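Trainee: Handing you this structure, nothing more for now.
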Amino acid sequence: MQPDKHPGASIREYLRLLRVSQYSKNLFIFMPAFFAGQITQAEKLLPTLAAFITFSLTASSMYIINDCMDIGYDREHPLKSQRPIASGKIGIKAALTLAALMLLCGLAASYLLGTAALTIVITYAVLNLLYSGGLKHSPIIDVTVIALGFNLRIFMGSAVTGIELTEWIVVMTFLLAFFLALAKRRDDVLIFEKTGKIMRKSIDGYNSRFLDTSLAIMAAIIIVAYLMYSVSPEVTARMGSHKLYMTAVFVVLGVLRYLQLTLVEEKSGSPTQVLLKDRFTQINLICWVAAFWLLIY
């Protein structure tokens, strides 16, 4: 534990501490309503927005706690060393106080959304505390926990809207999140290979060869799963369209682009930054959403 070096840290630093940019992950909460063709209905959209805010508050508290526990590793990282806690711009005591406040707000808001929402938020918080407390040091288990966190997001969207999830959306969400988490671990391995600095204990169970092979396998499974989803009789009947397979081209392009960023450009350290900065990914995602929208709305 260290004392606050800058008790008067700027609002910008506190926003960085909350990881507001990471809220894009919580857009998965909108997926149940979107895939069900009901995202334009106010009775579905409004509770989904409330769930998004609720989950974001809880996620921020978990990010802060994780940063406090990872402070030693973050200070060795070329980018994470600039985070508010690792750089000393915000002290641990102030950070944990804010984390507690955000968590209480998240729990209170989820309580108002119903028992199911509260259960999901508590599960997410407990899972992340276990992750920060030790699971992140276990190879394969660490990326599995991350992927499960994304599944909890779509369960949240389902809980507040009453929209039943298909097995396809659950499976594809897990696969995509697992793929992104493996790519992120590859970034940690590359840093170790280049500098000798260990970014996290779990990299003892990884190397570039294993991760490259795993990424190739996951990429193939994601594409096949999406194709099977798009031609599934259950899904086409529910969507009212037999042309969903046409949107698969954007999924293939998206997966290949991320592999290119990971294996060629070596920029897979932050999926969120890829989404916010990579023009190819942005345009491809917009095209996929537009195509899906035209087919089912």
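In the structure tokens, chains take letters A, B, ... by order of appearance, with residues numbered from 1 within each chain and ligands from 1 in the order shown.
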Please identify all polymer residues within 9 Å of Ser21 (chain A), counting only C-alpha atoms, omitting same-chain residues fewer than 3 positions from it, and present them as a list in words.
Mentor: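 Counting only C-alpha atoms, the residues come to Leu15, Arg16, Leu18, Ser24, Lys25, Thr272, Gln273 and Leu276 of chain A.
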Trainee: Using all heavy atoms, can you write the selected residues to a file as a PDB file, in the first residue's frame?
Mentor:
ATOM      1  N   LEU A  15     -11.317   9.504 -14.494  1.00  0.00           N
ATOM      2  CA  LEU A  15     -12.032   8.860 -15.594  1.00  0.00           C
ATOM      3  C   LEU A  15     -11.199   7.725 -16.175  1.00  0.00           C
ATOM      4  O   LEU A  15     -11.725   6.665 -16.549  1.00  0.00           O
ATOM      5  CB  LEU A  15     -12.364   9.880 -16.680  1.00  0.00           C
ATOM      6  CG  LEU A  15     -13.443  10.913 -16.320  1.00  0.00           C
ATOM      7  CD1 LEU A  15     -13.600  11.925 -17.449  1.00  0.00           C
ATOM      8  CD2 LEU A  15     -14.770  10.220 -16.044  1.00  0.00           C
ATOM      9  N   ARG A  16      -9.886   7.939 -16.249  1.00  0.00           N
ATOM     10  CA  ARG A  16      -8.997   6.875 -16.708  1.00  0.00           C
ATOM     11  C   ARG A  16      -9.008   5.718 -15.723  1.00  0.00           C
ATOM     12  O   ARG A  16      -8.967   4.553 -16.113  1.00  0.00           O
ATOM     13  CB  ARG A  16      -7.568   7.402 -16.868  1.00  0.00           C
ATOM     14  CG  ARG A  16      -7.356   8.349 -18.026  1.00  0.00           C
ATOM     15  CD  ARG A  16      -5.907   8.752 -18.134  1.00  0.00           C
ATOM     16  NE  ARG A  16      -5.077   7.572 -18.367  1.00  0.00           N
ATOM     17  CZ  ARG A  16      -3.804   7.458 -17.982  1.00  0.00           C
ATOM     18  NH1 ARG A  16      -3.237   8.444 -17.295  1.00  0.00           N
ATOM     19  NH2 ARG A  16      -3.123   6.375 -18.237  1.00  0.00           N
ATOM     20  N   LEU A  18     -11.492   4.805 -13.886  1.00  0.00           N
ATOM     21  CA  LEU A  18     -12.763   4.098 -14.047  1.00  0.00           C
ATOM     22  C   LEU A  18     -12.800   3.274 -15.324  1.00  0.00           C
ATOM     23  O   LEU A  18     -13.708   2.463 -15.505  1.00  0.00           O
ATOM     24  CB  LEU A  18     -13.925   5.104 -14.061  1.00  0.00           C
ATOM     25  CG  LEU A  18     -14.165   5.883 -12.773  1.00  0.00           C
ATOM     26  CD1 LEU A  18     -15.291   6.895 -12.974  1.00  0.00           C
ATOM     27  CD2 LEU A  18     -14.505   4.946 -11.630  1.00  0.00           C
ATOM     28  N   SER A  24     -17.283  -0.067 -23.650  1.00  0.00           N
ATOM     29  CA  SER A  24     -17.707  -0.622 -24.940  1.00  0.00           C
ATOM     30  C   SER A  24     -17.966  -2.127 -24.823  1.00  0.00           C
ATOM     31  O   SER A  24     -18.788  -2.685 -25.565  1.00  0.00           O
ATOM     32  CB  SER A  24     -16.650  -0.348 -26.015  1.00  0.00           C
ATOM     33  OG  SER A  24     -15.388  -0.901 -25.646  1.00  0.00           O
ATOM     34  N   LYS A  25     -17.284  -2.790 -23.886  1.00  0.00           N
ATOM     35  CA  LYS A  25     -17.508  -4.222 -23.672  1.00  0.00           C
ATOM     36  C   LYS A  25     -18.946  -4.496 -23.232  1.00  0.00           C
ATOM     37  O   LYS A  25     -19.514  -5.548 -23.523  1.00  0.00           O
ATOM     38  CB  LYS A  25     -16.545  -4.765 -22.606  1.00  0.00           C
ATOM     39  CG  LYS A  25     -15.074  -4.689 -22.971  1.00  0.00           C
ATOM     40  CD  LYS A  25     -14.220  -5.166 -21.818  1.00  0.00           C
ATOM     41  CE  LYS A  25     -12.734  -5.079 -22.133  1.00  0.00           C
ATOM     42  NZ  LYS A  25     -11.894  -5.494 -20.991  1.00  0.00           N
ATOM     43  N   THR A 272     -10.224  -3.097 -26.829  1.00  0.00           N
ATOM     44  CA  THR A 272     -10.994  -1.854 -26.805  1.00  0.00           C
ATOM     45  C   THR A 272     -10.341  -0.788 -27.672  1.00  0.00           C
ATOM     46  O   THR A 272     -11.012  -0.074 -28.420  1.00  0.00           O
ATOM     47  CB  THR A 272     -11.131  -1.335 -25.368  1.00  0.00           C
ATOM     48  OG1 THR A 272     -11.775  -2.331 -24.561  1.00  0.00           O
ATOM     49  CG2 THR A 272     -11.956  -0.056 -25.331  1.00  0.00           C
ATOM     50  N   GLN A 273      -9.011  -0.676 -27.584  1.00  0.00           N
ATOM     51  CA  GLN A 273      -8.298   0.315 -28.389  1.00  0.00           C
ATOM     52  C   GLN A 273      -8.388  -0.019 -29.872  1.00  0.00           C
ATOM     53  O   GLN A 273      -8.425   0.879 -30.722  1.00  0.00           O
ATOM     54  CB  GLN A 273      -6.833   0.397 -27.945  1.00  0.00           C
ATOM     55  CG  GLN A 273      -6.638   1.037 -26.584  1.00  0.00           C
ATOM     56  CD  GLN A 273      -7.236   2.441 -26.508  1.00  0.00           C
ATOM     57  OE1 GLN A 273      -6.956   3.292 -27.355  1.00  0.00           O
ATOM     58  NE2 GLN A 273      -8.055   2.680 -25.496  1.00  0.00           N
ATOM     59  N   LEU A 276     -11.687   1.260 -30.943  1.00  0.00           N
ATOM     60  CA  LEU A 276     -11.765   2.715 -30.949  1.00  0.00           C
ATOM     61  C   LEU A 276     -10.875   3.370 -32.002  1.00  0.00           C
ATOM     62  O   LEU A 276     -11.143   4.495 -32.435  1.00  0.00           O
ATOM     63  CB  LEU A 276     -11.393   3.264 -29.561  1.00  0.00           C
ATOM     64  CG  LEU A 276     -12.340   2.907 -28.412  1.00  0.00           C
ATOM     65  CD1 LEU A 276     -11.790   3.439 -27.095  1.00  0.00           C
ATOM     66  CD2 LEU A 276     -13.739   3.463 -28.660  1.00  0.00           C
TER      67      LEU A 276
END
Trainee: Show me, as a ChimeraX atom specification, the residues that have an atom within 8 Å of region 111-113 of chain A when counting only C-alpha atoms, minus same-chain residues fewer than 4 positions from it.
Mentor: /A:47,51,107,117-118,160
Trainee: Deliver the residues from the most recent selection as a file, using C-alpha atoms, as a PDB file, in the first residue's frame.
Mentor:
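Just written: again04.pdb:
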ATOM      1  CA  PRO A  47     -34.191  -1.459 -19.312  1.00  0.00           C
ATOM      2  CA  ALA A  51     -28.543  -2.484 -17.309  1.00  0.00           C
ATOM      3  CA  LEU A 107     -25.511  -3.312  -6.599  1.00  0.00           C
ATOM      4  CA  ALA A 117     -30.116  -8.736 -12.565  1.00  0.00           C
ATOM      5  CA  LEU A 118     -28.823  -8.477  -8.990  1.00  0.00           C
ATOM      6  CA  VAL A 160     -33.884  -7.159 -17.888  1.00  0.00           C
TER       7      VAL A 160
END
Trainee: Under the rule that only C-alpha atoms are counted, which of A:Leu256, A:Leu275, A:Met239, A:Ile140 is the nearest residue to Ile203 (chain A)?
Mentor: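 Nearest candidate to Ile203 (chain A) out of A:Leu256, A:Leu275, A:Met239, A:Ile140: A:Ile140.
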Trainee: So, counting only C-alpha atoms, which residue among A:Ile90, A:Ile29, A:Leu46, A:Ile221 is closest to Arg12 (chain A)?
Mentor: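 So, comparing all the options, the nearest one is A:Ile90.
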Trainee: Listing only residues of region 96-174 of chain A within 12 Å of region 68-79 of chain A, what is the closest atom pair and its distance in Å (to one decimal) for each, using only C-alpha atoms, sorted by chain and residue number ascending, as a tab-separated table?
Mentor:
residue	atom	partner	partner_atom	distance
A:Leu96	CA	A:Cys68	CA	7.9
A:Thr97	CA	A:Cys68	CA	11.6
A:Leu98	CA	A:Cys68	CA	11.9
A:Ala99	CA	A:Cys68	CA	10.3
A:Leu129	CA	A:Met69	CA	10.3
A:Leu130	CA	A:Met69	CA	11.8
A:Tyr131	CA	A:Met69	CA	10.7
A:Ser132	CA	A:Met69	CA	6.9
A:Gly133	CA	A:Met69	CA	7.9
A:Gly134	CA	A:Met69	CA	10.1
A:Lys136	CA	A:Asp70	CA	10.4
A:His137	CA	A:Asp70	CA	11.2
Trainee: Keeping only all heavy atoms, take the residues you just selected and write them out as a PDB file, in the first residue's frame.
Mentor:
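Just written: out13.pdb:
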ATOM      1  N   LEU A  96      -9.493   2.711  -3.805  1.00  0.00           N
ATOM      2  CA  LEU A  96     -10.367   1.701  -3.204  1.00  0.00           C
ATOM      3  C   LEU A  96     -11.651   2.312  -2.655  1.00  0.00           C
ATOM      4  O   LEU A  96     -12.714   1.671  -2.677  1.00  0.00           O
ATOM      5  CB  LEU A  96      -9.617   0.958  -2.097  1.00  0.00           C
ATOM      6  CG  LEU A  96      -8.498   0.019  -2.562  1.00  0.00           C
ATOM      7  CD1 LEU A  96      -7.787  -0.601  -1.369  1.00  0.00           C
ATOM      8  CD2 LEU A  96      -9.063  -1.077  -3.474  1.00  0.00           C
ATOM      9  N   THR A  97     -11.563   3.539  -2.178  1.00  0.00           N
ATOM     10  CA  THR A  97     -12.770   4.234  -1.707  1.00  0.00           C
ATOM     11  C   THR A  97     -13.735   4.437  -2.866  1.00  0.00           C
ATOM     12  O   THR A  97     -14.947   4.212  -2.737  1.00  0.00           O
ATOM     13  CB  THR A  97     -12.402   5.600  -1.102  1.00  0.00           C
ATOM     14  OG1 THR A  97     -11.535   5.402   0.017  1.00  0.00           O
ATOM     15  CG2 THR A  97     -13.655   6.340  -0.635  1.00  0.00           C
ATOM     16  N   LEU A  98     -13.191   4.853  -4.003  1.00  0.00           N
ATOM     17  CA  LEU A  98     -14.021   5.040  -5.195  1.00  0.00           C
ATOM     18  C   LEU A  98     -14.582   3.710  -5.676  1.00  0.00           C
ATOM     19  O   LEU A  98     -15.743   3.626  -6.091  1.00  0.00           O
ATOM     20  CB  LEU A  98     -13.189   5.689  -6.305  1.00  0.00           C
ATOM     21  CG  LEU A  98     -13.922   5.972  -7.633  1.00  0.00           C
ATOM     22  CD1 LEU A  98     -15.127   6.876  -7.393  1.00  0.00           C
ATOM     23  CD2 LEU A  98     -12.969   6.603  -8.643  1.00  0.00           C
ATOM     24  N   ALA A  99     -13.775   2.656  -5.609  1.00  0.00           N
ATOM     25  CA  ALA A  99     -14.228   1.325  -6.038  1.00  0.00           C
ATOM     26  C   ALA A  99     -15.413   0.862  -5.195  1.00  0.00           C
ATOM     27  O   ALA A  99     -16.390   0.316  -5.718  1.00  0.00           O
ATOM     28  CB  ALA A  99     -13.080   0.324  -5.935  1.00  0.00           C
ATOM     29  N   LEU A 129     -13.445 -10.758  -8.545  1.00  0.00           N
ATOM     30  CA  LEU A 129     -12.620 -10.727  -7.331  1.00  0.00           C
ATOM     31  C   LEU A 129     -11.767 -11.993  -7.247  1.00  0.00           C
ATOM     32  O   LEU A 129     -10.594 -11.936  -6.842  1.00  0.00           O
ATOM     33  CB  LEU A 129     -13.513 -10.600  -6.102  1.00  0.00           C
ATOM     34  CG  LEU A 129     -14.200  -9.231  -5.921  1.00  0.00           C
ATOM     35  CD1 LEU A 129     -15.180  -9.277  -4.751  1.00  0.00           C
ATOM     36  CD2 LEU A 129     -13.157  -8.133  -5.702  1.00  0.00           C
ATOM     37  N   LEU A 130     -12.349 -13.127  -7.619  1.00  0.00           N
ATOM     38  CA  LEU A 130     -11.584 -14.376  -7.653  1.00  0.00           C
ATOM     39  C   LEU A 130     -10.490 -14.301  -8.712  1.00  0.00           C
ATOM     40  O   LEU A 130      -9.376 -14.791  -8.516  1.00  0.00           O
ATOM     41  CB  LEU A 130     -12.518 -15.560  -7.946  1.00  0.00           C
ATOM     42  CG  LEU A 130     -13.509 -15.931  -6.840  1.00  0.00           C
ATOM     43  CD1 LEU A 130     -14.464 -17.012  -7.328  1.00  0.00           C
ATOM     44  CD2 LEU A 130     -12.755 -16.408  -5.593  1.00  0.00           C
ATOM     45  N   TYR A 131     -10.821 -13.666  -9.839  1.00  0.00           N
ATOM     46  CA  TYR A 131      -9.844 -13.485 -10.913  1.00  0.00           C
ATOM     47  C   TYR A 131      -8.675 -12.633 -10.420  1.00  0.00           C
ATOM     48  O   TYR A 131      -7.511 -13.010 -10.574  1.00  0.00           O
ATOM     49  CB  TYR A 131     -10.525 -12.816 -12.101  1.00  0.00           C
ATOM     50  CG  TYR A 131      -9.602 -12.474 -13.248  1.00  0.00           C
ATOM     51  CD1 TYR A 131      -9.247 -13.431 -14.193  1.00  0.00           C
ATOM     52  CD2 TYR A 131      -9.082 -11.186 -13.395  1.00  0.00           C
ATOM     53  CE1 TYR A 131      -8.394 -13.116 -15.250  1.00  0.00           C
ATOM     54  CE2 TYR A 131      -8.243 -10.859 -14.441  1.00  0.00           C
ATOM     55  CZ  TYR A 131      -7.899 -11.824 -15.364  1.00  0.00           C
ATOM     56  OH  TYR A 131      -7.053 -11.507 -16.406  1.00  0.00           O
ATOM     57  N   SER A 132      -8.988 -11.493  -9.819  1.00  0.00           N
ATOM     58  CA  SER A 132      -7.934 -10.604  -9.317  1.00  0.00           C
ATOM     59  C   SER A 132      -7.155 -11.246  -8.182  1.00  0.00           C
ATOM     60  O   SER A 132      -5.959 -10.999  -8.009  1.00  0.00           O
ATOM     61  CB  SER A 132      -8.553  -9.281  -8.833  1.00  0.00           C
ATOM     62  OG  SER A 132      -9.169  -8.584  -9.896  1.00  0.00           O
ATOM     63  N   GLY A 133      -7.842 -12.087  -7.407  1.00  0.00           N
ATOM     64  CA  GLY A 133      -7.206 -12.705  -6.253  1.00  0.00           C
ATOM     65  C   GLY A 133      -6.332 -13.901  -6.554  1.00  0.00           C
ATOM     66  O   GLY A 133      -5.588 -14.360  -5.672  1.00  0.00           O
ATOM     67  N   GLY A 134      -6.391 -14.422  -7.770  1.00  0.00           N
ATOM     68  CA  GLY A 134      -5.528 -15.556  -8.072  1.00  0.00           C
ATOM     69  C   GLY A 134      -5.798 -16.292  -9.371  1.00  0.00           C
ATOM     70  O   GLY A 134      -4.884 -16.852  -9.977  1.00  0.00           O
ATOM     71  N   LYS A 136      -6.305 -15.210 -12.259  1.00  0.00           N
ATOM     72  CA  LYS A 136      -5.612 -14.614 -13.403  1.00  0.00           C
ATOM     73  C   LYS A 136      -4.198 -15.157 -13.550  1.00  0.00           C
ATOM     74  O   LYS A 136      -3.548 -14.942 -14.587  1.00  0.00           O
ATOM     75  CB  LYS A 136      -5.560 -13.097 -13.264  1.00  0.00           C
ATOM     76  CG  LYS A 136      -4.779 -12.598 -12.062  1.00  0.00           C
ATOM     77  CD  LYS A 136      -4.890 -11.092 -11.949  1.00  0.00           C
ATOM     78  CE  LYS A 136      -4.213 -10.580 -10.683  1.00  0.00           C
ATOM     79  NZ  LYS A 136      -4.410  -9.115 -10.518  1.00  0.00           N
ATOM     80  N   HIS A 137      -3.715 -15.845 -12.532  1.00  0.00           N
ATOM     81  CA  HIS A 137      -2.364 -16.414 -12.589  1.00  0.00           C
ATOM     82  C   HIS A 137      -2.372 -17.843 -13.127  1.00  0.00           C
ATOM     83  O   HIS A 137      -1.311 -18.457 -13.259  1.00  0.00           O
ATOM     84  CB  HIS A 137      -1.730 -16.403 -11.200  1.00  0.00           C
ATOM     85  CG  HIS A 137      -1.623 -15.028 -10.602  1.00  0.00           C
ATOM     86  ND1 HIS A 137      -1.111 -13.961 -11.294  1.00  0.00           N
ATOM     87  CD2 HIS A 137      -1.983 -14.559  -9.375  1.00  0.00           C
ATOM     88  CE1 HIS A 137      -1.138 -12.873 -10.522  1.00  0.00           C
ATOM     89  NE2 HIS A 137      -1.673 -13.217  -9.364  1.00  0.00           N
TER      90      HIS A 137
END
Trainee: Could you name the residues that touch Tyr226 (chain A) at 10 Å or less, counting only C-alpha atoms, but leaving out those on the same chain fewer than 5 positions away, as a ChimeraX atom specification?
Mentor: /A:168-169,171-172,221,231-232,244-245,247-248,251-252
Trainee: Could you write those residues out with N, CA, C and O atoms, as a PDB file, in the first residue's frame?
Mentor:
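Just written: part.pdb:
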ATOM      1  N   TRP A 168     -26.975 -20.335 -29.515  1.00  0.00           N
ATOM      2  CA  TRP A 168     -26.012 -19.780 -30.466  1.00  0.00           C
ATOM      3  C   TRP A 168     -25.361 -18.505 -29.950  1.00  0.00           C
ATOM      4  O   TRP A 168     -24.147 -18.334 -30.041  1.00  0.00           O
ATOM      5  N   ILE A 169     -26.161 -17.589 -29.414  1.00  0.00           N
ATOM      6  CA  ILE A 169     -25.611 -16.325 -28.950  1.00  0.00           C
ATOM      7  C   ILE A 169     -24.692 -16.538 -27.747  1.00  0.00           C
ATOM      8  O   ILE A 169     -23.668 -15.868 -27.596  1.00  0.00           O
ATOM      9  N   VAL A 171     -22.916 -19.357 -27.105  1.00  0.00           N
ATOM     10  CA  VAL A 171     -21.694 -20.010 -27.598  1.00  0.00           C
ATOM     11  C   VAL A 171     -20.803 -19.024 -28.348  1.00  0.00           C
ATOM     12  O   VAL A 171     -19.590 -18.961 -28.112  1.00  0.00           O
ATOM     13  N   MET A 172     -21.384 -18.248 -29.240  1.00  0.00           N
ATOM     14  CA  MET A 172     -20.574 -17.324 -30.043  1.00  0.00           C
ATOM     15  C   MET A 172     -19.960 -16.217 -29.202  1.00  0.00           C
ATOM     16  O   MET A 172     -18.833 -15.784 -29.451  1.00  0.00           O
ATOM     17  N   ILE A 221     -13.233 -21.884 -35.490  1.00  0.00           N
ATOM     18  CA  ILE A 221     -14.463 -22.286 -34.796  1.00  0.00           C
ATOM     19  C   ILE A 221     -15.480 -21.149 -34.807  1.00  0.00           C
ATOM     20  O   ILE A 221     -16.683 -21.379 -35.005  1.00  0.00           O
ATOM     21  N   VAL A 231     -27.616 -20.166 -40.713  1.00  0.00           N
ATOM     22  CA  VAL A 231     -28.481 -21.044 -41.530  1.00  0.00           C
ATOM     23  C   VAL A 231     -29.338 -21.964 -40.672  1.00  0.00           C
ATOM     24  O   VAL A 231     -30.061 -22.811 -41.194  1.00  0.00           O
ATOM     25  N   SER A 232     -29.258 -21.809 -39.352  1.00  0.00           N
ATOM     26  CA  SER A 232     -30.052 -22.644 -38.456  1.00  0.00           C
ATOM     27  C   SER A 232     -31.546 -22.394 -38.690  1.00  0.00           C
ATOM     28  O   SER A 232     -32.005 -21.250 -38.700  1.00  0.00           O
ATOM     29  N   LEU A 244     -29.469 -14.499 -43.664  1.00  0.00           N
ATOM     30  CA  LEU A 244     -28.518 -14.082 -42.630  1.00  0.00           C
ATOM     31  C   LEU A 244     -27.098 -14.524 -42.951  1.00  0.00           C
ATOM     32  O   LEU A 244     -26.131 -13.894 -42.513  1.00  0.00           O
ATOM     33  N   TYR A 245     -26.975 -15.607 -43.711  1.00  0.00           N
ATOM     34  CA  TYR A 245     -25.646 -16.109 -44.063  1.00  0.00           C
ATOM     35  C   TYR A 245     -24.829 -15.058 -44.803  1.00  0.00           C
ATOM     36  O   TYR A 245     -23.587 -15.095 -44.807  1.00  0.00           O
ATOM     37  N   THR A 247     -24.352 -12.086 -43.989  1.00  0.00           N
ATOM     38  CA  THR A 247     -23.602 -11.244 -43.048  1.00  0.00           C
ATOM     39  C   THR A 247     -22.307 -11.916 -42.598  1.00  0.00           C
ATOM     40  O   THR A 247     -21.475 -11.282 -41.947  1.00  0.00           O
ATOM     41  N   ALA A 248     -22.139 -13.188 -42.944  1.00  0.00           N
ATOM     42  CA  ALA A 248     -20.943 -13.924 -42.516  1.00  0.00           C
ATOM     43  C   ALA A 248     -19.664 -13.338 -43.104  1.00  0.00           C
ATOM     44  O   ALA A 248     -18.589 -13.471 -42.517  1.00  0.00           O
ATOM     45  N   VAL A 251     -18.067 -11.146 -40.664  1.00  0.00           N
ATOM     46  CA  VAL A 251     -17.474 -11.899 -39.552  1.00  0.00           C
ATOM     47  C   VAL A 251     -16.115 -12.454 -39.967  1.00  0.00           C
ATOM     48  O   VAL A 251     -15.130 -12.363 -39.219  1.00  0.00           O
ATOM     49  N   VAL A 252     -16.033 -12.990 -41.168  1.00  0.00           N
ATOM     50  CA  VAL A 252     -14.764 -13.516 -41.679  1.00  0.00           C
ATOM     51  C   VAL A 252     -13.735 -12.397 -41.766  1.00  0.00           C
ATOM     52  O   VAL A 252     -12.588 -12.547 -41.319  1.00  0.00           O
TER      53      VAL A 252
END
Trainee: Restricting the calculation to only C-alpha atoms, which member of A:Val121, A:Ala108, A:Val20, A:Met102 is positioned closest to Phe55 (chain A)?
Mentor: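 For Phe55 (chain A), the nearest of the candidates is A:Val121.
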Trainee: Can you tell me which residues surround Ala291 (chain A) at a distance of at most 12 Å, considering only C-alpha atoms, apart from same-chain residues fewer than 2 positions away, and format the answer as a list in words?
Mentor: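 Listing them by chain and then by number gives Lys243, Leu244, Tyr245, Met246, Thr247, Ala248, Val249, Phe250, Val251, Asn284, Leu285, Ile286, Cys287, Trp288, Val289, Trp293, Leu294, Leu295, Ile296 and Tyr297 of chain A.
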Trainee: Could those residues be written to a file, using N, CA and C atoms, as a CSV table (one decimal), in the first residue's frame?
Mentor:
chain,number,residue,atom,x,y,z
A,243,LYS,N,-31.6,-15.1,-45.3
A,243,LYS,CA,-30.4,-14.5,-45.9
A,243,LYS,C,-29.3,-14.1,-44.9
A,244,LEU,N,-29.5,-14.5,-43.7
A,244,LEU,CA,-28.5,-14.1,-42.6
A,244,LEU,C,-27.1,-14.5,-43.0
A,245,TYR,N,-27.0,-15.6,-43.7
A,245,TYR,CA,-25.6,-16.1,-44.1
A,245,TYR,C,-24.8,-15.1,-44.8
A,246,MET,N,-25.5,-14.1,-45.4
A,246,MET,CA,-24.8,-13.1,-46.2
A,246,MET,C,-24.0,-12.2,-45.3
A,247,THR,N,-24.4,-12.1,-44.0
A,247,THR,CA,-23.6,-11.2,-43.0
A,247,THR,C,-22.3,-11.9,-42.6
A,248,ALA,N,-22.1,-13.2,-42.9
A,248,ALA,CA,-20.9,-13.9,-42.5
A,248,ALA,C,-19.7,-13.3,-43.1
A,249,VAL,N,-19.8,-12.7,-44.2
A,249,VAL,CA,-18.6,-12.1,-44.9
A,249,VAL,C,-17.9,-11.1,-43.9
A,250,PHE,N,-18.7,-10.3,-43.2
A,250,PHE,CA,-18.2,-9.3,-42.3
A,250,PHE,C,-17.5,-10.0,-41.1
A,251,VAL,N,-18.1,-11.1,-40.7
A,251,VAL,CA,-17.5,-11.9,-39.6
A,251,VAL,C,-16.1,-12.5,-40.0
A,284,ASN,N,-16.0,-2.3,-40.8
A,284,ASN,CA,-16.5,-3.6,-41.0
A,284,ASN,C,-17.6,-3.9,-40.0
A,285,LEU,N,-17.5,-3.4,-38.7
A,285,LEU,CA,-18.5,-3.6,-37.7
A,285,LEU,C,-19.8,-2.8,-38.1
A,286,ILE,N,-19.6,-1.6,-38.6
A,286,ILE,CA,-20.8,-0.8,-39.0
A,286,ILE,C,-21.5,-1.5,-40.2
A,287,CYS,N,-20.7,-2.1,-41.1
A,287,CYS,CA,-21.3,-2.8,-42.2
A,287,CYS,C,-22.1,-4.0,-41.8
A,288,TRP,N,-21.5,-4.7,-40.8
A,288,TRP,CA,-22.2,-5.9,-40.3
A,288,TRP,C,-23.5,-5.6,-39.6
A,289,VAL,N,-23.5,-4.5,-38.7
A,289,VAL,CA,-24.7,-4.1,-38.0
A,289,VAL,C,-25.7,-3.6,-39.1
A,293,TRP,N,-29.3,-5.3,-39.6
A,293,TRP,CA,-30.4,-4.4,-39.4
A,293,TRP,C,-31.4,-4.5,-40.6
A,294,LEU,N,-30.8,-4.4,-41.8
A,294,LEU,CA,-31.7,-4.4,-43.0
A,294,LEU,C,-32.4,-5.8,-43.2
A,295,LEU,N,-31.8,-6.8,-42.7
A,295,LEU,CA,-32.4,-8.1,-42.9
A,295,LEU,C,-33.4,-8.5,-41.9
A,296,ILE,N,-33.3,-7.9,-40.7
A,296,ILE,CA,-34.3,-8.4,-39.6
A,296,ILE,C,-35.2,-7.2,-39.1
A,297,TYR,N,-34.9,-6.0,-39.5
A,297,TYR,CA,-35.8,-4.9,-39.0
A,297,TYR,C,-36.7,-4.3,-40.0
Trainee: May I ask for the distance between CA of Ala86 (chain A) and CA of Asp67 (chain A), given in Å to one decimal place?
Mentor: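 Here the two named atoms are 7.7 Å from each other.
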Trainee: Any idea what's packed within 9 Å of Ser208 (chain A), counting only C-alpha atoms, ignoring anything in its chain fewer than 4 positions away? Could you give it as an mmCIF file with all heavy atoms, in the first residue's frame?
Mentor:
data_model
loop_
_atom_site.group_PDB
_atom_site.id
_atom_site.type_symbol
_atom_site.label_atom_id
_atom_site.label_comp_id
_atom_site.auth_asym_id
_atom_site.auth_seq_id
_atom_site.Cartn_x
_atom_site.Cartn_y
_atom_site.Cartn_z
ATOM 1 N N ARG A 186 -1.144 -13.093 -25.867
ATOM 2 C CA ARG A 186 -0.014 -13.124 -26.799
ATOM 3 C C ARG A 186 0.802 -11.838 -26.704
ATOM 4 O O ARG A 186 2.019 -11.858 -26.825
ATOM 5 C CB ARG A 186 -0.511 -13.324 -28.243
ATOM 6 C CG ARG A 186 0.622 -13.547 -29.245
ATOM 7 C CD ARG A 186 0.080 -13.776 -30.641
ATOM 8 N NE ARG A 186 1.142 -14.156 -31.557
ATOM 9 C CZ ARG A 186 1.962 -13.299 -32.164
ATOM 10 N NH1 ARG A 186 1.816 -12.001 -31.936
ATOM 11 N NH2 ARG A 186 2.901 -13.729 -32.979
ATOM 12 N N VAL A 189 3.079 -12.191 -23.791
ATOM 13 C CA VAL A 189 4.185 -13.099 -24.104
ATOM 14 C C VAL A 189 5.236 -12.385 -24.956
ATOM 15 O O VAL A 189 6.444 -12.546 -24.739
ATOM 16 C CB VAL A 189 3.677 -14.357 -24.827
ATOM 17 C CG1 VAL A 189 4.840 -15.172 -25.385
ATOM 18 C CG2 VAL A 189 2.865 -15.221 -23.866
ATOM 19 N N LEU A 190 4.800 -11.587 -25.906
ATOM 20 C CA LEU A 190 5.735 -10.857 -26.771
ATOM 21 C C LEU A 190 6.572 -9.874 -25.961
ATOM 22 O O LEU A 190 7.775 -9.728 -26.209
ATOM 23 C CB LEU A 190 4.970 -10.107 -27.864
ATOM 24 C CG LEU A 190 4.357 -10.956 -28.977
ATOM 25 C CD1 LEU A 190 3.574 -10.073 -29.937
ATOM 26 C CD2 LEU A 190 5.451 -11.712 -29.728
ATOM 27 N N ASP A 212 -0.438 -18.886 -30.977
ATOM 28 C CA ASP A 212 -0.711 -18.761 -32.410
ATOM 29 C C ASP A 212 -1.603 -19.908 -32.893
ATOM 30 O O ASP A 212 -2.541 -19.711 -33.671
ATOM 31 C CB ASP A 212 0.596 -18.747 -33.207
ATOM 32 C CG ASP A 212 1.387 -17.470 -32.992
ATOM 33 O OD1 ASP A 212 0.844 -16.544 -32.372
ATOM 34 O OD2 ASP A 212 2.552 -17.405 -33.439
ATOM 35 N N THR A 213 -1.294 -21.115 -32.410
ATOM 36 C CA THR A 213 -2.104 -22.277 -32.775
ATOM 37 C C THR A 213 -3.512 -22.155 -32.211
ATOM 38 O O THR A 213 -4.510 -22.419 -32.907
ATOM 39 C CB THR A 213 -1.456 -23.572 -32.248
ATOM 40 O OG1 THR A 213 -0.135 -23.698 -32.779
ATOM 41 C CG2 THR A 213 -2.277 -24.791 -32.653
#
